[in-house]
file input-v3.txt (compact mmCIF, C-alpha atoms and all ligand atoms)
# COMPACT_ATOMS: atom_id res chain seq x y z
CA MET A 165 78.86 -3.88 194.45
CA GLY A 166 77.76 -1.13 192.11
CA LYS A 167 80.08 1.36 193.80
CA LEU A 168 83.01 -1.06 193.67
CA TYR A 169 82.39 -2.02 190.04
CA CYS A 170 81.85 1.56 188.80
CA SER A 171 84.89 2.95 190.64
CA GLU A 172 87.08 0.27 189.08
CA VAL A 173 85.61 0.87 185.61
CA MET A 174 86.37 4.56 186.03
CA TYR A 175 89.93 3.70 187.08
CA ARG A 176 90.42 1.66 183.90
CA CYS A 177 88.91 4.40 181.71
CA ALA A 178 90.88 7.26 183.32
CA ASN A 179 94.10 5.24 183.28
CA HIS A 180 93.72 4.44 179.56
CA ALA A 181 92.76 8.05 178.80
CA VAL A 182 95.95 9.35 180.46
CA GLN A 183 98.01 6.72 178.65
CA LEU A 184 96.48 7.69 175.30
CA HIS A 185 97.21 11.37 175.91
CA GLY A 186 100.83 10.64 176.85
CA GLY A 187 102.50 13.64 178.50
CA TYR A 188 99.44 15.83 177.89
CA GLY A 189 97.48 13.44 180.11
CA LEU A 190 99.42 14.73 183.13
CA MET A 191 99.03 18.43 182.35
CA LYS A 192 96.45 20.58 184.11
CA GLU A 193 95.35 22.13 180.79
CA TYR A 194 93.69 18.81 179.88
CA ASP A 195 90.60 17.39 181.59
CA VAL A 196 91.96 13.83 181.69
CA GLU A 197 94.49 14.88 184.35
CA ARG A 198 91.56 15.81 186.65
CA PHE A 199 89.60 12.66 185.75
CA TYR A 200 92.63 10.59 186.77
CA ARG A 201 92.83 12.36 190.16
CA ASP A 202 89.07 12.38 190.68
CA GLN A 203 88.67 8.64 190.13
CA LYS A 204 90.88 7.96 193.17
CA LEU A 205 88.22 9.46 195.41
CA LEU A 206 85.76 6.82 194.13
CA ASP A 207 88.24 4.13 195.26
CA ILE A 208 88.58 5.66 198.74
CA GLY A 209 85.45 7.64 199.67
CA GLU A 210 82.47 5.98 201.37
CA GLY A 211 84.33 2.71 201.82
CA THR A 212 87.55 1.76 200.06
CA SER A 213 87.55 -1.02 197.48
CA GLU A 214 89.25 -3.36 199.97
CA ILE A 215 86.52 -2.76 202.55
CA GLN A 216 83.81 -3.10 199.89
CA ARG A 217 85.23 -6.53 199.00
CA ILE A 218 85.13 -7.58 202.64
CA VAL A 219 81.51 -6.41 202.99
CA ILE A 220 80.47 -8.26 199.81
CA ALA A 221 82.35 -11.38 200.94
CA ARG A 222 80.38 -11.38 204.19
CA HIS A 223 77.11 -11.00 202.26
CA ILE A 224 77.86 -14.02 200.11
CA GLY A 225 78.88 -16.08 203.13
CA ALA A 226 82.66 -16.00 202.73
CA SER A 227 84.73 -14.92 205.73
CA ALA A 228 87.01 -11.89 205.63
CA SER A 229 89.95 -14.30 205.71
CA SER A 230 88.49 -16.17 202.73
CA GLU A 231 90.88 -18.32 200.76
CA LEU A 232 89.34 -17.04 197.51
CA SER A 233 91.87 -15.25 195.32
CA GLU A 234 91.09 -11.70 194.26
CA THR A 235 90.36 -12.91 190.73
CA GLN A 236 87.95 -15.60 191.94
CA PHE A 237 86.31 -13.06 194.17
CA ASP A 238 85.90 -10.56 191.31
CA VAL A 239 84.30 -13.23 189.13
CA ILE A 240 81.79 -14.08 191.88
CA GLY A 241 81.11 -10.43 192.70
CA TYR A 242 80.66 -9.32 189.13
CA SER A 243 78.43 -12.26 188.20
CA LEU A 244 76.22 -11.45 191.21
CA LEU A 245 76.16 -7.83 190.07
CA VAL A 246 75.17 -8.77 186.52
CA LYS A 247 72.38 -11.04 187.85
CA SER A 248 71.06 -8.23 190.04
CA LEU A 249 70.76 -5.78 187.10
C1 LIG B 301 88.08 13.77 199.79
C2 LIG B 301 87.44 12.77 200.72
C3 LIG B 301 86.07 12.83 200.91
C4 LIG B 301 85.46 11.91 201.78
N1 LIG B 301 84.12 12.00 201.93
C5 LIG B 301 83.49 11.14 202.75
C6 LIG B 301 82.07 11.19 202.90
O1 LIG B 301 81.39 12.00 202.30
N2 LIG B 301 81.49 10.30 203.74
C7 LIG B 301 82.21 9.37 204.42
O2 LIG B 301 81.63 8.59 205.15
N3 LIG B 301 83.56 9.32 204.30
C8 LIG B 301 84.22 10.17 203.49
N4 LIG B 301 85.58 10.12 203.37
C9 LIG B 301 86.32 9.21 204.25
C10 LIG B 301 86.63 7.95 203.52
O3 LIG B 301 85.48 7.11 203.46
C11 LIG B 301 87.75 7.27 204.29
O4 LIG B 301 88.92 7.98 203.94
C12 LIG B 301 87.86 5.83 203.93
O5 LIG B 301 86.83 5.13 204.57
C13 LIG B 301 89.20 5.23 204.34
O6 LIG B 301 89.45 5.45 205.71
P1 LIG B 301 90.89 6.00 206.16
O7 LIG B 301 91.22 7.23 205.37
O8 LIG B 301 90.86 6.09 207.65
O9 LIG B 301 91.92 4.91 205.72
P2 LIG B 301 92.26 3.48 206.44
O10 LIG B 301 91.02 2.96 207.03
O11 LIG B 301 93.42 3.83 207.33
O12 LIG B 301 92.70 2.67 205.20
C14 LIG B 301 93.96 2.85 204.54
C15 LIG B 301 94.08 1.77 203.50
O13 LIG B 301 94.09 0.48 204.12
C16 LIG B 301 93.06 -0.32 203.57
N5 LIG B 301 92.46 -1.15 204.61
C17 LIG B 301 91.97 -0.73 205.82
N6 LIG B 301 91.47 -1.76 206.51
C18 LIG B 301 91.62 -2.85 205.73
C19 LIG B 301 91.29 -4.23 205.89
N7 LIG B 301 90.71 -4.71 206.98
N8 LIG B 301 91.59 -5.08 204.87
C20 LIG B 301 92.18 -4.62 203.73
N9 LIG B 301 92.53 -3.34 203.52
C21 LIG B 301 92.25 -2.47 204.51
C22 LIG B 301 92.05 0.63 203.00
O14 LIG B 301 91.32 0.02 201.94
C23 LIG B 301 92.92 1.76 202.49
O15 LIG B 301 93.42 1.46 201.21
C24 LIG B 301 86.21 10.97 202.48
C25 LIG B 301 87.59 10.90 202.26
C26 LIG B 301 88.21 11.78 201.39
C27 LIG B 301 89.70 11.70 201.16
call {"tool": "encode", "arguments": {"input": "input-v3.txt", "output": "structure tokens"}}
result
Amino acid sequence: MGKLYCSEVMYRCANHAVQLHGGYGLMKEYDVERFYRDQKLLDIGEGTSEIQRIVIARHIGASASSELSETQFDVIGYSLLVKSL
């Protein structure tokens, strides 16, 4: 859950950083361009976000074909994460 949460926080941060920089955010001369590319590895490496959600769903007793929406699932996952901190 920590990996899933942190990778998605980094996505939001990197995405906003590129947006704030405008065109410069896509140029190699600026670090934000690399941050934006690098964050994708966190989404994919060592278990993609989709697979992480399936693993967490199994741990909380929901099946992989759960009828929970992604938003409901995020709320459950993140509240479990907050409780575990
Ligand atoms: C630069 C890099 C470094 C890596 N380093 C490591 C490492 O150090 N250790 C390691 O173990 N692995 C590493 N990997 C491998 C990485 O964990 C895999 O790429 C990842 O598990 C996805 O597998 P895949 O590429 O075969 O994609 P697929 O399994 O083919 O997945 C493709 C897409 O489909 C989605 N998907 C697949 N199955 C489901 C499903 N049942 N439900 C919903 N969505 C699904 C995935 O989330 C993904 O978005 C690395 C990959 C890269 C690119």
call {"tool": "residues_near_ligand", "arguments": {"input": "input-v3.txt", "ligand": "ligand LIG 301 (chain B)", "cutoff": "8 Å", "atoms": "only C-alpha atoms and all ligand atoms", "output": "PyMOL selection string"}}
result
chain A and resi 205+208-215+218
call {"tool": "write_last_selection", "arguments": {"input": "input-v3.txt", "atoms": "C-alpha atoms", "output": "mmCIF file, in the frame of the given file"}}
result
data_model
loop_
_atom_site.group_PDB
_atom_site.id
_atom_site.type_symbol
_atom_site.label_atom_id
_atom_site.label_comp_id
_atom_site.auth_asym_id
_atom_site.auth_seq_id
_atom_site.Cartn_x
_atom_site.Cartn_y
_atom_site.Cartn_z
ATOM 1 C CA LEU A 205 88.220 9.460 195.410
ATOM 2 C CA ILE A 208 88.580 5.660 198.740
ATOM 3 C CA GLY A 209 85.450 7.640 199.670
ATOM 4 C CA GLU A 210 82.470 5.980 201.370
ATOM 5 C CA GLY A 211 84.330 2.710 201.820
ATOM 6 C CA THR A 212 87.550 1.760 200.060
ATOM 7 C CA SER A 213 87.550 -1.020 197.480
ATOM 8 C CA GLU A 214 89.250 -3.360 199.970
ATOM 9 C CA ILE A 215 86.520 -2.760 202.550
ATOM 10 C CA ILE A 218 85.130 -7.580 202.640
#
call {"tool": "residues_around", "arguments": {"input": "input-v3.txt", "residues": "segment 173-182 of chain A", "least_positions_apart": "6", "cutoff": "12 Å", "atoms": "all atoms listed in the file", "output": "ChimeraX atom specification"}}
result
/A:166-167,188-192,194-208,213,242
call {"tool": "atom_distance", "arguments": {"input": "input-v3.txt", "atom1": "atom CA of Ser171 of chain A", "atom2": "atom CA of Gln216 of chain A"}}
result
11.1 Å
call {"tool": "atom_distance", "arguments": {"input": "input-v3.txt", "atom1": "atom CA of Ala226 of chain A", "atom2": "atom CA of Leu168 of chain A"}}
result
17.5 Å
call {"tool": "build_atoms", "arguments": {"input": "input-v3.txt", "residues": "segment 176-187 of chain A", "atoms": "N, CA and C atoms", "output": "PDB file, in the coordinates of the input"}}
result
ATOM      1  N   ARG A 176      89.896   2.180 185.172  1.00  0.00           N
ATOM      2  CA  ARG A 176      90.420   1.660 183.900  1.00  0.00           C
ATOM      3  C   ARG A 176      90.293   2.704 182.793  1.00  0.00           C
ATOM      4  N   CYS A 177      89.142   3.386 182.756  1.00  0.00           N
ATOM      5  CA  CYS A 177      88.910   4.400 181.710  1.00  0.00           C
ATOM      6  C   CYS A 177      89.888   5.571 181.861  1.00  0.00           C
ATOM      7  N   ALA A 178      90.015   6.094 183.097  1.00  0.00           N
ATOM      8  CA  ALA A 178      90.880   7.260 183.320  1.00  0.00           C
ATOM      9  C   ALA A 178      92.341   6.892 183.057  1.00  0.00           C
ATOM     10  N   ASN A 179      92.715   5.686 183.479  1.00  0.00           N
ATOM     11  CA  ASN A 179      94.100   5.240 183.280  1.00  0.00           C
ATOM     12  C   ASN A 179      94.422   5.138 181.786  1.00  0.00           C
ATOM     13  N   HIS A 180      93.507   4.546 181.005  1.00  0.00           N
ATOM     14  CA  HIS A 180      93.720   4.440 179.560  1.00  0.00           C
ATOM     15  C   HIS A 180      93.723   5.817 178.911  1.00  0.00           C
ATOM     16  N   ALA A 181      92.841   6.706 179.389  1.00  0.00           N
ATOM     17  CA  ALA A 181      92.760   8.050 178.800  1.00  0.00           C
ATOM     18  C   ALA A 181      94.087   8.789 178.992  1.00  0.00           C
ATOM     19  N   VAL A 182      94.662   8.699 180.207  1.00  0.00           N
ATOM     20  CA  VAL A 182      95.950   9.350 180.460  1.00  0.00           C
ATOM     21  C   VAL A 182      97.024   8.736 179.570  1.00  0.00           C
ATOM     22  N   GLN A 183      97.002   7.408 179.467  1.00  0.00           N
ATOM     23  CA  GLN A 183      98.010   6.720 178.650  1.00  0.00           C
ATOM     24  C   GLN A 183      97.914   7.164 177.185  1.00  0.00           C
ATOM     25  N   LEU A 184      96.678   7.263 176.682  1.00  0.00           N
ATOM     26  CA  LEU A 184      96.480   7.690 175.300  1.00  0.00           C
ATOM     27  C   LEU A 184      96.973   9.109 175.059  1.00  0.00           C
ATOM     28  N   HIS A 185      96.789   9.980 176.056  1.00  0.00           N
ATOM     29  CA  HIS A 185      97.210  11.370 175.910  1.00  0.00           C
ATOM     30  C   HIS A 185      98.712  11.543 176.090  1.00  0.00           C
ATOM     31  N   GLY A 186      99.384  10.526 176.613  1.00  0.00           N
ATOM     32  CA  GLY A 186     100.830  10.640 176.850  1.00  0.00           C
ATOM     33  C   GLY A 186     101.095  11.744 177.861  1.00  0.00           C
ATOM     34  N   GLY A 187     102.113  12.568 177.582  1.00  0.00           N
ATOM     35  CA  GLY A 187     102.500  13.640 178.500  1.00  0.00           C
ATOM     36  C   GLY A 187     101.379  14.630 178.749  1.00  0.00           C
TER      37      GLY A 187
END
